[in-house]
file run.cif (mmCIF, C-alpha atoms)
data_protein
loop_
_atom_site.group_PDB
_atom_site.id
_atom_site.type_symbol
_atom_site.label_atom_id
_atom_site.label_comp_id
_atom_site.auth_asym_id
_atom_site.auth_seq_id
_atom_site.Cartn_x
_atom_site.Cartn_y
_atom_site.Cartn_z
ATOM 1 C CA MET A 1 5.960 -34.203 4.189
ATOM 2 C CA LYS A 2 7.089 -31.512 1.849
ATOM 3 C CA ALA A 3 4.777 -28.946 0.282
ATOM 4 C CA ARG A 4 5.803 -27.149 -2.850
ATOM 5 C CA VAL A 5 3.818 -23.988 -3.488
ATOM 6 C CA HIS A 6 3.828 -22.087 -6.754
ATOM 7 C CA ILE A 7 2.506 -18.528 -6.681
ATOM 8 C CA THR A 8 1.699 -16.987 -10.043
ATOM 9 C CA LEU A 9 0.134 -13.716 -11.150
ATOM 10 C CA LYS A 10 -3.475 -13.935 -12.283
ATOM 11 C CA ASN A 11 -4.247 -13.532 -15.938
ATOM 12 C CA GLY A 12 -4.694 -9.894 -16.851
ATOM 13 C CA VAL A 13 -2.359 -8.646 -14.118
ATOM 14 C CA LEU A 14 0.504 -6.776 -15.735
ATOM 15 C CA ASP A 15 3.890 -8.350 -14.971
ATOM 16 C CA PRO A 16 6.625 -5.788 -15.722
ATOM 17 C CA GLN A 17 9.326 -8.145 -14.416
ATOM 18 C CA GLY A 18 8.189 -10.918 -16.750
ATOM 19 C CA LYS A 19 8.230 -8.419 -19.619
ATOM 20 C CA ALA A 20 11.788 -7.342 -18.745
ATOM 21 C CA ILE A 21 12.896 -11.001 -18.733
ATOM 22 C CA GLN A 22 11.230 -11.500 -22.108
ATOM 23 C CA HIS A 23 13.075 -8.499 -23.537
ATOM 24 C CA ALA A 24 16.379 -9.767 -22.140
ATOM 25 C CA LEU A 25 15.773 -13.189 -23.703
ATOM 26 C CA ASP A 26 15.054 -11.468 -27.013
ATOM 27 C CA ALA A 27 18.279 -9.488 -26.674
ATOM 28 C CA LEU A 28 20.208 -12.719 -26.090
ATOM 29 C CA GLY A 29 18.842 -14.085 -29.337
ATOM 30 C CA PHE A 30 16.297 -16.576 -27.993
ATOM 31 C CA ASP A 31 13.613 -16.593 -30.661
ATOM 32 C CA GLY A 32 10.008 -17.597 -30.309
ATOM 33 C CA VAL A 33 9.342 -16.411 -26.734
ATOM 34 C CA ASP A 34 5.712 -15.317 -26.806
ATOM 35 C CA ASP A 35 5.348 -14.312 -23.157
ATOM 36 C CA VAL A 36 7.105 -14.593 -19.783
ATOM 37 C CA ARG A 37 5.368 -14.501 -16.401
ATOM 38 C CA GLN A 38 7.395 -14.451 -13.198
ATOM 39 C CA GLY A 39 6.180 -16.078 -9.990
ATOM 40 C CA LYS A 40 7.379 -17.460 -6.668
ATOM 41 C CA TYR A 41 8.206 -20.965 -5.494
ATOM 42 C CA ILE A 42 8.072 -21.816 -1.788
ATOM 43 C CA GLU A 43 9.069 -25.127 -0.130
ATOM 44 C CA ILE A 44 7.558 -25.960 3.233
ATOM 45 C CA ASP A 45 8.606 -28.917 5.400
ATOM 46 C CA LEU A 46 5.706 -30.226 7.462
ATOM 47 C CA ASN A 47 5.728 -32.743 10.311
ATOM 48 C CA GLU A 48 2.220 -33.845 9.314
ATOM 49 C CA THR A 49 1.738 -37.418 8.094
ATOM 50 C CA ASP A 50 -1.873 -37.107 6.925
ATOM 51 C CA ARG A 51 -1.803 -35.870 3.364
ATOM 52 C CA ALA A 52 -5.304 -34.363 3.390
ATOM 53 C CA LYS A 53 -4.603 -32.451 6.590
ATOM 54 C CA ALA A 54 -1.299 -31.197 5.214
ATOM 55 C CA GLU A 55 -2.974 -30.016 2.051
ATOM 56 C CA ALA A 56 -5.748 -28.224 3.943
ATOM 57 C CA ASN A 57 -3.158 -26.601 6.185
ATOM 58 C CA VAL A 58 -1.027 -25.330 3.307
ATOM 59 C CA GLU A 59 -4.146 -24.107 1.537
ATOM 60 C CA GLU A 60 -4.892 -21.937 4.592
ATOM 61 C CA MET A 61 -1.283 -20.688 4.574
ATOM 62 C CA CYS A 62 -1.676 -19.646 0.949
ATOM 63 C CA LYS A 63 -4.910 -17.787 1.588
ATOM 64 C CA LYS A 64 -3.745 -16.072 4.777
ATOM 65 C CA LEU A 65 -0.199 -15.125 3.834
ATOM 66 C CA LEU A 66 1.665 -16.756 0.965
ATOM 67 C CA ALA A 67 -0.500 -15.442 -1.881
ATOM 68 C CA ASN A 68 -2.281 -12.128 -2.301
ATOM 69 C CA MET A 69 -5.585 -13.298 -3.726
ATOM 70 C CA VAL A 70 -6.197 -9.893 -5.340
ATOM 71 C CA ILE A 71 -3.401 -10.458 -7.849
ATOM 72 C CA GLU A 72 -2.099 -14.003 -7.411
ATOM 73 C CA ASN A 73 -3.069 -17.648 -7.800
ATOM 74 C CA TYR A 74 -1.413 -20.543 -6.015
ATOM 75 C CA SER A 75 -0.962 -24.252 -6.622
ATOM 76 C CA ILE A 76 0.171 -26.827 -4.074
ATOM 77 C CA ASP A 77 2.062 -30.101 -4.555
ATOM 78 C CA ILE A 78 2.549 -32.360 -1.564
ATOM 79 C CA ASP A 79 4.786 -35.437 -1.289
ATOM 80 C CA MET B 1 -6.217 15.700 17.665
ATOM 81 C CA LYS B 2 -4.670 12.626 19.243
ATOM 82 C CA SER B 3 -2.560 10.587 16.879
ATOM 83 C CA ALA B 4 -0.226 7.609 16.828
ATOM 84 C CA VAL B 5 2.477 6.435 14.442
ATOM 85 C CA VAL B 6 3.136 2.728 13.977
ATOM 86 C CA THR B 7 6.708 1.515 13.600
ATOM 87 C CA PHE B 8 7.448 -1.848 12.013
ATOM 88 C CA PRO B 9 10.988 -3.220 11.683
ATOM 89 C CA ALA B 10 12.461 -1.272 8.708
ATOM 90 C CA SER B 11 9.876 1.487 8.711
ATOM 91 C CA ASN B 12 11.937 4.559 7.860
ATOM 92 C CA CYS B 13 9.463 7.429 7.461
ATOM 93 C CA ASP B 14 7.951 6.990 10.910
ATOM 94 C CA ARG B 15 9.936 9.890 12.377
ATOM 95 C CA ASP B 16 8.996 12.215 9.498
ATOM 96 C CA MET B 17 5.356 11.327 10.097
ATOM 97 C CA PHE B 18 5.776 11.826 13.840
ATOM 98 C CA VAL B 19 7.319 15.277 13.400
ATOM 99 C CA ALA B 20 4.689 16.347 10.847
ATOM 100 C CA LEU B 21 1.856 15.304 13.155
ATOM 101 C CA GLU B 22 3.508 16.930 16.140
ATOM 102 C CA LYS B 23 4.060 20.250 14.335
ATOM 103 C CA ILE B 24 0.608 20.403 12.805
ATOM 104 C CA THR B 25 -1.502 19.097 15.689
ATOM 105 C CA GLY B 26 0.610 20.704 18.417
ATOM 106 C CA LYS B 27 0.396 17.438 20.366
ATOM 107 C CA THR B 28 3.023 14.743 20.674
ATOM 108 C CA PRO B 29 1.845 11.621 18.854
ATOM 109 C CA HIS B 30 1.991 8.219 20.495
ATOM 110 C CA HIS B 31 4.388 5.556 19.262
ATOM 111 C CA ILE B 32 2.999 2.122 18.445
ATOM 112 C CA TRP B 33 5.471 -0.745 18.084
ATOM 113 C CA HIS B 34 4.461 -3.579 15.762
ATOM 114 C CA GLN B 35 4.277 -5.991 18.697
ATOM 115 C CA ASP B 36 1.907 -3.826 20.757
ATOM 116 C CA SER B 37 -1.378 -5.675 21.026
ATOM 117 C CA GLU B 38 -2.911 -2.788 22.953
ATOM 118 C CA ILE B 39 -2.794 0.694 21.515
ATOM 119 C CA PRO B 40 -3.648 4.127 22.956
ATOM 120 C CA ASP B 41 -7.043 5.713 22.356
ATOM 121 C CA VAL B 42 -6.373 8.117 19.488
ATOM 122 C CA ASP B 43 -8.269 9.816 16.661
ATOM 123 C CA LEU B 44 -5.760 8.942 13.950
ATOM 124 C CA ILE B 45 -3.362 6.065 13.369
ATOM 125 C CA ALA B 46 -0.652 6.606 10.761
ATOM 126 C CA LEU B 47 1.131 3.745 9.012
ATOM 127 C CA PRO B 48 4.372 5.264 7.717
ATOM 128 C CA GLY B 49 6.596 4.654 4.726
ATOM 129 C CA GLY B 50 9.577 2.390 4.651
ATOM 130 C CA PHE B 51 10.431 -1.188 3.793
ATOM 131 C CA SER B 52 8.776 -3.070 6.627
ATOM 132 C CA PHE B 53 10.271 -6.535 7.125
ATOM 133 C CA GLY B 54 12.568 -5.877 4.168
ATOM 134 C CA ASP B 55 9.626 -6.101 1.746
ATOM 135 C CA TYR B 56 9.929 -9.888 2.113
ATOM 136 C CA LEU B 57 7.297 -11.973 0.296
ATOM 137 C CA ARG B 58 5.339 -8.879 -0.820
ATOM 138 C CA CYS B 59 5.590 -5.239 0.260
ATOM 139 C CA GLY B 60 3.577 -4.835 3.452
ATOM 140 C CA ALA B 61 2.627 -8.527 3.671
ATOM 141 C CA MET B 62 4.464 -9.260 6.914
ATOM 142 C CA ALA B 63 3.512 -5.958 8.549
ATOM 143 C CA ALA B 64 -0.150 -6.646 7.767
ATOM 144 C CA ARG B 65 0.072 -9.788 9.954
ATOM 145 C CA SER B 66 1.828 -8.111 12.915
ATOM 146 C CA PRO B 67 0.466 -8.454 16.468
ATOM 147 C CA THR B 68 -0.654 -4.801 16.528
ATOM 148 C CA ILE B 69 -2.770 -5.168 13.401
ATOM 149 C CA ARG B 70 -5.790 -6.555 15.248
ATOM 150 C CA ALA B 71 -5.976 -3.414 17.398
ATOM 151 C CA ILE B 72 -5.591 -1.170 14.345
ATOM 152 C CA ARG B 73 -8.371 -3.057 12.600
ATOM 153 C CA GLU B 74 -10.623 -2.572 15.641
ATOM 154 C CA HIS B 75 -9.829 1.162 15.642
ATOM 155 C CA ALA B 76 -10.786 1.314 11.951
ATOM 156 C CA ASP B 77 -13.964 -0.721 12.543
ATOM 157 C CA ARG B 78 -15.026 1.793 15.205
ATOM 158 C CA GLY B 79 -14.710 4.527 12.586
ATOM 159 C CA GLY B 80 -11.300 5.744 13.775
ATOM 160 C CA TYR B 81 -9.178 7.414 11.128
ATOM 161 C CA VAL B 82 -6.290 5.524 9.550
ATOM 162 C CA ILE B 83 -3.783 6.794 7.014
ATOM 163 C CA GLY B 84 -1.164 4.751 5.211
ATOM 164 C CA VAL B 85 1.578 6.494 3.265
ATOM 165 C CA CYS B 86 3.783 4.602 0.817
ATOM 166 C CA ASN B 87 4.602 1.341 2.628
ATOM 167 C CA GLY B 88 1.624 2.158 4.857
ATOM 168 C CA PHE B 89 -0.625 2.109 1.771
ATOM 169 C CA GLN B 90 0.826 -1.278 0.852
ATOM 170 C CA VAL B 91 0.080 -2.524 4.379
ATOM 171 C CA LEU B 92 -3.543 -1.294 4.180
ATOM 172 C CA THR B 93 -4.121 -3.181 0.913
ATOM 173 C CA GLU B 94 -2.466 -6.299 2.350
ATOM 174 C CA MET B 95 -4.776 -5.991 5.394
ATOM 175 C CA GLY B 96 -7.734 -5.828 3.047
ATOM 176 C CA LEU B 97 -8.812 -2.455 4.479
ATOM 177 C CA LEU B 98 -8.336 -0.908 1.034
ATOM 178 C CA PRO B 99 -9.025 -2.693 -2.264
ATOM 179 C CA GLY B 100 -6.426 -3.562 -4.898
ATOM 180 C CA ALA B 101 -2.699 -4.103 -4.655
ATOM 181 C CA LEU B 102 0.531 -2.188 -5.215
ATOM 182 C CA MET B 103 2.834 -3.879 -7.673
ATOM 183 C CA ARG B 104 6.362 -3.287 -8.966
ATOM 184 C CA ASN B 105 6.627 0.041 -10.854
ATOM 185 C CA ALA B 106 6.024 -0.446 -14.575
ATOM 186 C CA SER B 107 9.502 0.976 -15.267
ATOM 187 C CA LEU B 108 10.968 -1.559 -12.791
ATOM 188 C CA LYS B 109 12.892 1.397 -11.366
ATOM 189 C CA PHE B 110 12.768 2.976 -7.947
ATOM 190 C CA VAL B 111 11.193 6.376 -8.506
ATOM 191 C CA CYS B 112 12.192 9.277 -6.244
ATOM 192 C CA LYS B 113 10.946 12.699 -7.301
ATOM 193 C CA THR B 114 8.281 15.310 -6.723
ATOM 194 C CA VAL B 115 5.080 14.696 -8.668
ATOM 195 C CA HIS B 116 1.947 16.713 -9.346
ATOM 196 C CA LEU B 117 -1.220 15.381 -7.741
ATOM 197 C CA LYS B 118 -4.760 16.423 -8.466
ATOM 198 C CA VAL B 119 -7.197 16.514 -5.573
ATOM 199 C CA GLU B 120 -9.998 14.442 -7.073
ATOM 200 C CA ASN B 121 -12.363 14.656 -4.149
ATOM 201 C CA ALA B 122 -12.021 17.655 -1.827
ATOM 202 C CA ASP B 123 -15.033 16.580 0.194
ATOM 203 C CA SER B 124 -13.351 13.935 2.331
ATOM 204 C CA VAL B 125 -11.866 13.655 5.807
ATOM 205 C CA PHE B 126 -8.402 13.786 4.280
ATOM 206 C CA THR B 127 -8.744 16.462 1.594
ATOM 207 C CA ASN B 128 -11.268 19.079 2.778
ATOM 208 C CA GLN B 129 -8.636 21.806 3.172
ATOM 209 C CA TYR B 130 -7.722 21.562 -0.509
ATOM 210 C CA LYS B 131 -9.824 22.891 -3.375
ATOM 211 C CA GLN B 132 -11.612 20.475 -5.693
ATOM 212 C CA GLY B 133 -9.311 19.829 -8.651
ATOM 213 C CA GLN B 134 -6.368 21.626 -7.031
ATOM 214 C CA VAL B 135 -2.953 20.484 -8.265
ATOM 215 C CA ILE B 136 -0.401 20.011 -5.474
ATOM 216 C CA ASP B 137 3.253 18.937 -5.518
ATOM 217 C CA ILE B 138 4.196 16.029 -3.272
ATOM 218 C CA PRO B 139 7.280 13.759 -3.354
ATOM 219 C CA VAL B 140 7.158 10.054 -4.158
ATOM 220 C CA ALA B 141 9.885 7.534 -3.320
ATOM 221 C CA HIS B 142 9.000 3.923 -4.021
ATOM 222 C CA HIS B 143 9.693 0.804 -6.037
ATOM 223 C CA ASP B 144 6.248 -0.757 -5.735
ATOM 224 C CA GLY B 145 3.582 1.875 -6.208
ATOM 225 C CA ASN B 146 1.895 0.565 -9.326
ATOM 226 C CA TYR B 147 -1.752 0.470 -8.247
ATOM 227 C CA PHE B 148 -3.709 -2.488 -9.569
ATOM 228 C CA ALA B 149 -7.370 -3.412 -9.096
ATOM 229 C CA ASP B 150 -9.850 -5.294 -11.259
ATOM 230 C CA ASP B 151 -12.136 -3.324 -13.567
ATOM 231 C CA GLU B 152 -15.133 -3.646 -11.276
ATOM 232 C CA THR B 153 -13.205 -2.226 -8.317
ATOM 233 C CA LEU B 154 -11.799 0.627 -10.421
ATOM 234 C CA ALA B 155 -15.285 1.531 -11.635
ATOM 235 C CA GLU B 156 -16.567 1.530 -8.064
ATOM 236 C CA LEU B 157 -13.692 3.743 -6.871
ATOM 237 C CA GLU B 158 -14.349 6.172 -9.715
ATOM 238 C CA ASP B 159 -18.124 6.235 -9.282
ATOM 239 C CA THR B 160 -18.124 6.715 -5.527
ATOM 240 C CA GLY B 161 -15.519 9.486 -5.276
ATOM 241 C CA ARG B 162 -13.050 7.269 -3.489
ATOM 242 C CA ILE B 163 -10.037 8.336 -5.539
ATOM 243 C CA ALA B 164 -8.502 11.050 -3.382
ATOM 244 C CA PHE B 165 -5.453 11.892 -5.497
ATOM 245 C CA ARG B 166 -4.390 11.215 -9.058
ATOM 246 C CA TYR B 167 -0.991 11.687 -10.758
ATOM 247 C CA VAL B 168 -1.287 14.547 -13.262
ATOM 248 C CA ASN B 169 0.854 16.976 -15.220
ATOM 249 C CA LYS B 170 1.171 20.651 -14.283
ATOM 250 C CA GLN B 171 -2.051 21.396 -16.137
ATOM 251 C CA GLY B 172 -3.919 18.822 -14.099
ATOM 252 C CA GLU B 173 -4.229 16.223 -16.874
ATOM 253 C CA ALA B 174 -3.866 12.541 -15.983
ATOM 254 C CA THR B 175 -1.501 11.653 -18.813
ATOM 255 C CA ALA B 176 0.692 8.559 -19.160
ATOM 256 C CA ASN B 177 3.792 10.738 -18.852
ATOM 257 C CA ALA B 178 2.576 12.131 -15.546
ATOM 258 C CA ASN B 179 2.162 8.617 -14.159
ATOM 259 C CA PRO B 180 5.384 7.737 -12.291
ATOM 260 C CA ASN B 181 4.712 4.043 -11.741
ATOM 261 C CA GLY B 182 2.099 2.695 -14.146
ATOM 262 C CA SER B 183 -0.838 2.901 -11.710
ATOM 263 C CA GLN B 184 -4.204 2.189 -13.272
ATOM 264 C CA HIS B 185 -6.236 5.350 -13.850
ATOM 265 C CA ASN B 186 -3.176 7.302 -12.556
ATOM 266 C CA ILE B 187 -4.326 6.506 -9.027
ATOM 267 C CA ALA B 188 -2.091 7.916 -6.274
ATOM 268 C CA GLY B 189 -4.415 7.634 -3.277
ATOM 269 C CA ILE B 190 -7.745 6.003 -2.431
ATOM 270 C CA MET B 191 -10.222 5.777 0.418
ATOM 271 C CA ASN B 192 -12.380 2.990 1.806
ATOM 272 C CA LYS B 193 -16.167 2.983 1.436
ATOM 273 C CA ARG B 194 -16.804 4.454 4.854
ATOM 274 C CA GLY B 195 -14.320 7.256 4.203
ATOM 275 C CA ASN B 196 -12.258 6.838 7.385
ATOM 276 C CA ILE B 197 -9.230 5.107 5.834
ATOM 277 C CA LEU B 198 -6.912 6.524 3.195
ATOM 278 C CA GLY B 199 -3.835 5.098 1.519
ATOM 279 C CA MET B 200 -1.502 7.007 -0.794
ATOM 280 C CA MET B 201 1.947 6.435 -2.277
ATOM 281 C CA PRO B 202 3.163 10.095 -2.187
ATOM 282 C CA HIS B 203 4.536 11.540 1.068
ATOM 283 C CA PRO B 204 2.600 14.585 2.370
ATOM 284 C CA GLU B 205 4.613 14.447 5.614
ATOM 285 C CA ARG B 206 7.685 15.494 3.627
ATOM 286 C CA LEU B 207 6.267 18.893 2.676
ATOM 287 C CA ILE B 208 4.817 20.572 5.718
ATOM 288 C CA GLU B 209 7.114 23.571 6.209
ATOM 289 C CA ASP B 210 9.098 25.930 3.981
ATOM 290 C CA ALA B 211 12.430 24.468 5.083
ATOM 291 C CA GLN B 212 11.374 21.266 3.286
ATOM 292 C CA GLY B 213 10.825 23.150 0.037
ATOM 293 C CA GLY B 214 7.085 23.575 0.247
ATOM 294 C CA THR B 215 3.969 23.146 2.336
ATOM 295 C CA ASP B 216 1.587 21.352 -0.030
ATOM 296 C CA GLY B 217 1.395 18.404 2.377
ATOM 297 C CA ARG B 218 -0.022 20.461 5.253
ATOM 298 C CA GLY B 219 -3.537 20.511 3.854
ATOM 299 C CA PHE B 220 -3.735 16.759 4.183
ATOM 300 C CA PHE B 221 -3.113 16.779 7.937
ATOM 301 C CA GLU B 222 -5.121 19.987 8.462
ATOM 302 C CA SER B 223 -8.077 18.339 6.743
ATOM 303 C CA ILE B 224 -8.096 15.515 9.290
ATOM 304 C CA MET B 225 -7.736 18.001 12.160
ATOM 305 C CA ASN B 226 -10.629 19.990 10.757
ATOM 306 C CA LYS B 227 -12.871 16.905 10.984
ATOM 307 C CA ILE B 228 -11.920 16.211 14.574
ATOM 308 C CA ASN B 229 -11.856 19.663 16.157
#

call {"tool": "encode", "arguments": {"input": "run.cif", "output": "structure tokens"}}
result
Amino acid sequence: MKARVHITLKNGVLDPQGKAIQHALDALGFDGVDDVRQGKYIEIDLNETDRAKAEANVEEMCKKLLANMVIENYSIDID
Amino acid sequence: MKSAVVTFPASNCDRDMFVALEKITGKTPHHIWHQDSEIPDVDLIALPGGFSFGDYLRCGAMAARSPTIRAIREHADRGGYVIGVCNGFQVLTEMGLLPGALMRNASLKFVCKTVHLKVENADSVFTNQYKQGQVIDIPVAHHDGNYFADDETLAELEDTGRIAFRYVNKQGEATANANPNGSQHNIAGIMNKRGNILGMMPHPERLIEDAQGGTDGRGFFESIMNKIN
């Protein structure tokens, strides 16, 4: 199974990199960009066949390492 | 005072820390390698600056899950002193021993210069040889020193005297211009509730003798020695 994990900054956490991207998009003439937030995308190959177990396992990975729960949220897709 | 300096792969201020501790305490510190699950019995463990594990994932994230971390946590739980400078501060927040997180500098630039710090609480293990409100000059060199915590945590840090150092101008005012990285409340260094753990982005170990251009960092190490001797 493959897990796809998206890590994003929590609302209210300043994202200077997202702001810099927004400014660069403005400079390139892309109109109508209200906000940009930058995150991380992680793919994990698992040799688990039970979907629920895989999900629980990746959830633990997120909490213990992949995301910093002080500043980040995570979402998991498994297929 | 017995001390130890932890080295992770890509730590690069570990030797500076080692030399500072050796010169000030008069005793040779122990080395701790990141894979050491057993560590010597010491009064102080120092987590040095650098770019441990290449700053992969998040600064300090990998180091905070190293084999030696369990032993360092036990040392801290027993009330042993722990300091984290720069990357060491990032490791302490990733370990959860200090609240908040250190994010990319607001300018997005690596900042390397000497800054003014105000001693916000001179009644701690780490600051008792400074005067309350004293302004000292200490170098910073980091890309991710932008201290973030939620409002509740910031209020608690403020109310309980756990902000050790704040970025200020020469006059001791915590202005936006004096803030090198965008840290909330101009925070440069904080302590845990119990007062035995401190993390700071500036490098006191880089200013301990005149040959380095100043000695404002000495008071930090002398404060800890004062508590132990």

call {"tool": "resolve_selection", "arguments": {"input": "run.cif", "expression": "the PyMOL selection byres ((chain A and resi 60-71) around 8)", "output": "number ranges by chain"}}
result
A: 7, 9-10, 13, 56-59, 72-74; B: 57, 61, 94, 100-101, 149

call {"tool": "residues_around", "arguments": {"input": "run.cif", "residues": "Gly84 of chain B", "least_positions_apart": "4", "cutoff": "9 Å", "atoms": "all atoms listed in the file", "output": "MDAnalysis selection string"}}
result
chainID B and resid 45:49 88:92 197:201

call {"tool": "residues_around", "arguments": {"input": "run.cif", "residues": "Val36 of chain A", "least_positions_apart": "4", "cutoff": "10 Å", "atoms": "all atoms listed in the file", "output": "PyMOL selection string"}}
result
chain A and resi 15-23+25

call {"tool": "closest_residue", "arguments": {"input": "run.cif", "among": "B:Thr28, B:Asn128, B:Ser107, B:Thr153", "to": "chain A", "atoms": "only C-alpha atoms"}}
result
B:Ser107

call {"tool": "interface_residues", "arguments": {"input": "run.cif", "of": "chain B", "to": "chain A", "cutoff": "10 Å", "atoms": "only C-alpha atoms", "output": "mmCIF file with C-alpha atoms, in the coordinates of the input"}}
result
data_model
loop_
_atom_site.group_PDB
_atom_site.id
_atom_site.type_symbol
_atom_site.label_atom_id
_atom_site.label_comp_id
_atom_site.auth_asym_id
_atom_site.auth_seq_id
_atom_site.Cartn_x
_atom_site.Cartn_y
_atom_site.Cartn_z
ATOM 1 C CA LEU B 57 7.297 -11.973 0.296
ATOM 2 C CA ARG B 58 5.339 -8.879 -0.820
ATOM 3 C CA ALA B 61 2.627 -8.527 3.671
ATOM 4 C CA MET B 62 4.464 -9.260 6.914
ATOM 5 C CA ALA B 64 -0.150 -6.646 7.767
ATOM 6 C CA ARG B 65 0.072 -9.788 9.954
ATOM 7 C CA THR B 93 -4.121 -3.181 0.913
ATOM 8 C CA GLU B 94 -2.466 -6.299 2.350
ATOM 9 C CA GLY B 96 -7.734 -5.828 3.047
ATOM 10 C CA PRO B 99 -9.025 -2.693 -2.264
ATOM 11 C CA GLY B 100 -6.426 -3.562 -4.898
ATOM 12 C CA ALA B 101 -2.699 -4.103 -4.655
ATOM 13 C CA LEU B 102 0.531 -2.188 -5.215
ATOM 14 C CA MET B 103 2.834 -3.879 -7.673
ATOM 15 C CA ARG B 104 6.362 -3.287 -8.966
ATOM 16 C CA ASN B 105 6.627 0.041 -10.854
ATOM 17 C CA ALA B 106 6.024 -0.446 -14.575
ATOM 18 C CA SER B 107 9.502 0.976 -15.267
ATOM 19 C CA LEU B 108 10.968 -1.559 -12.791
ATOM 20 C CA ASN B 146 1.895 0.565 -9.326
ATOM 21 C CA PHE B 148 -3.709 -2.488 -9.569
ATOM 22 C CA ALA B 149 -7.370 -3.412 -9.096
ATOM 23 C CA ASP B 150 -9.850 -5.294 -11.259
ATOM 24 C CA GLY B 182 2.099 2.695 -14.146
#

call {"tool": "atom_distance", "arguments": {"input": "run.cif", "atom1": "atom CA of Gly219 of chain B", "atom2": "atom CA of Glu22 of chain B"}}
result
14.6 Å

call {"tool": "residues_around", "arguments": {"input": "run.cif", "residues": "Phe53 of chain B", "least_positions_apart": "3", "cutoff": "7 Å", "atoms": "all atoms listed in the file", "output": "CSV table (one decimal) with C-alpha atoms, in the frame of the given file"}}
result
chain,number,residue,atom,x,y,z
B,9,PRO,CA,11.0,-3.2,11.7
B,10,ALA,CA,12.5,-1.3,8.7
B,56,TYR,CA,9.9,-9.9,2.1
B,62,MET,CA,4.5,-9.3,6.9
B,63,ALA,CA,3.5,-6.0,8.5

call {"tool": "resolve_selection", "arguments": {"input": "run.cif", "expression": "the PyMOL selection byres ((chain B and resi 109-111) around 10)", "output": "number ranges by chain"}}
result
B: 104-108, 112-114, 139-145, 180-181

call {"tool": "residues_near_point", "arguments": {"input": "run.cif", "point": "(9.4, -26.0, -4.5)", "cutoff": "10 Å", "atoms": "only C-alpha atoms", "output": "number ranges by chain"}}
result
A: 2-6, 40-44, 76-78

call {"tool": "atom_distance", "arguments": {"input": "run.cif", "atom1": "atom CA of Gly214 of chain B", "atom2": "atom CA of Gly161 of chain B"}}
result
27.2 Å

call {"tool": "residues_near_point", "arguments": {"input": "run.cif", "point": "(-13.5, 9.7, -6.6)", "cutoff": "12 Å", "atoms": "only C-alpha atoms", "output": "PyMOL selection string"}}
result
chain B and resi 118-124+127+132-133+154-166+185+187-193+195

call {"tool": "closest_residue", "arguments": {"input": "run.cif", "among": "A:Asn11, A:Met1, A:Ser75, A:Asp26", "to": "Arg51 of chain A", "atoms": "only C-alpha atoms"}}
result
A:Met1

call {"tool": "residues_around", "arguments": {"input": "run.cif", "residues": "Ser11 of chain B", "least_positions_apart": "3", "cutoff": "6 Å", "atoms": "all atoms listed in the file", "output": "VMD selection string"}}
result
chain B and resid 7 to 8 50 to 52

call {"tool": "closest_residue", "arguments": {"input": "run.cif", "among": "B:Ile72, B:Ile228, B:Cys59, B:Met17", "to": "Lys2 of chain B", "atoms": "only C-alpha atoms"}}
result
B:Ile228

call {"tool": "resolve_selection", "arguments": {"input": "run.cif", "expression": "the PyMOL selection byres ((chain B and resi 222) around 10)", "output": "list of chain:residue names"}}
result
B:Leu21, B:Ile24, B:Thr25, B:Val125, B:Phe126, B:Thr127, B:Asn128, B:Gln129, B:Tyr130, B:Gly217, B:Arg218, B:Gly219, B:Phe220, B:Phe221, B:Ser223, B:Ile224, B:Met225, B:Asn226, B:Lys227, B:Ile228

call {"tool": "atom_distance", "arguments": {"input": "run.cif", "atom1": "atom CA of Gly60 of chain B", "atom2": "atom CA of Asn87 of chain B"}}
result
6.3 Å
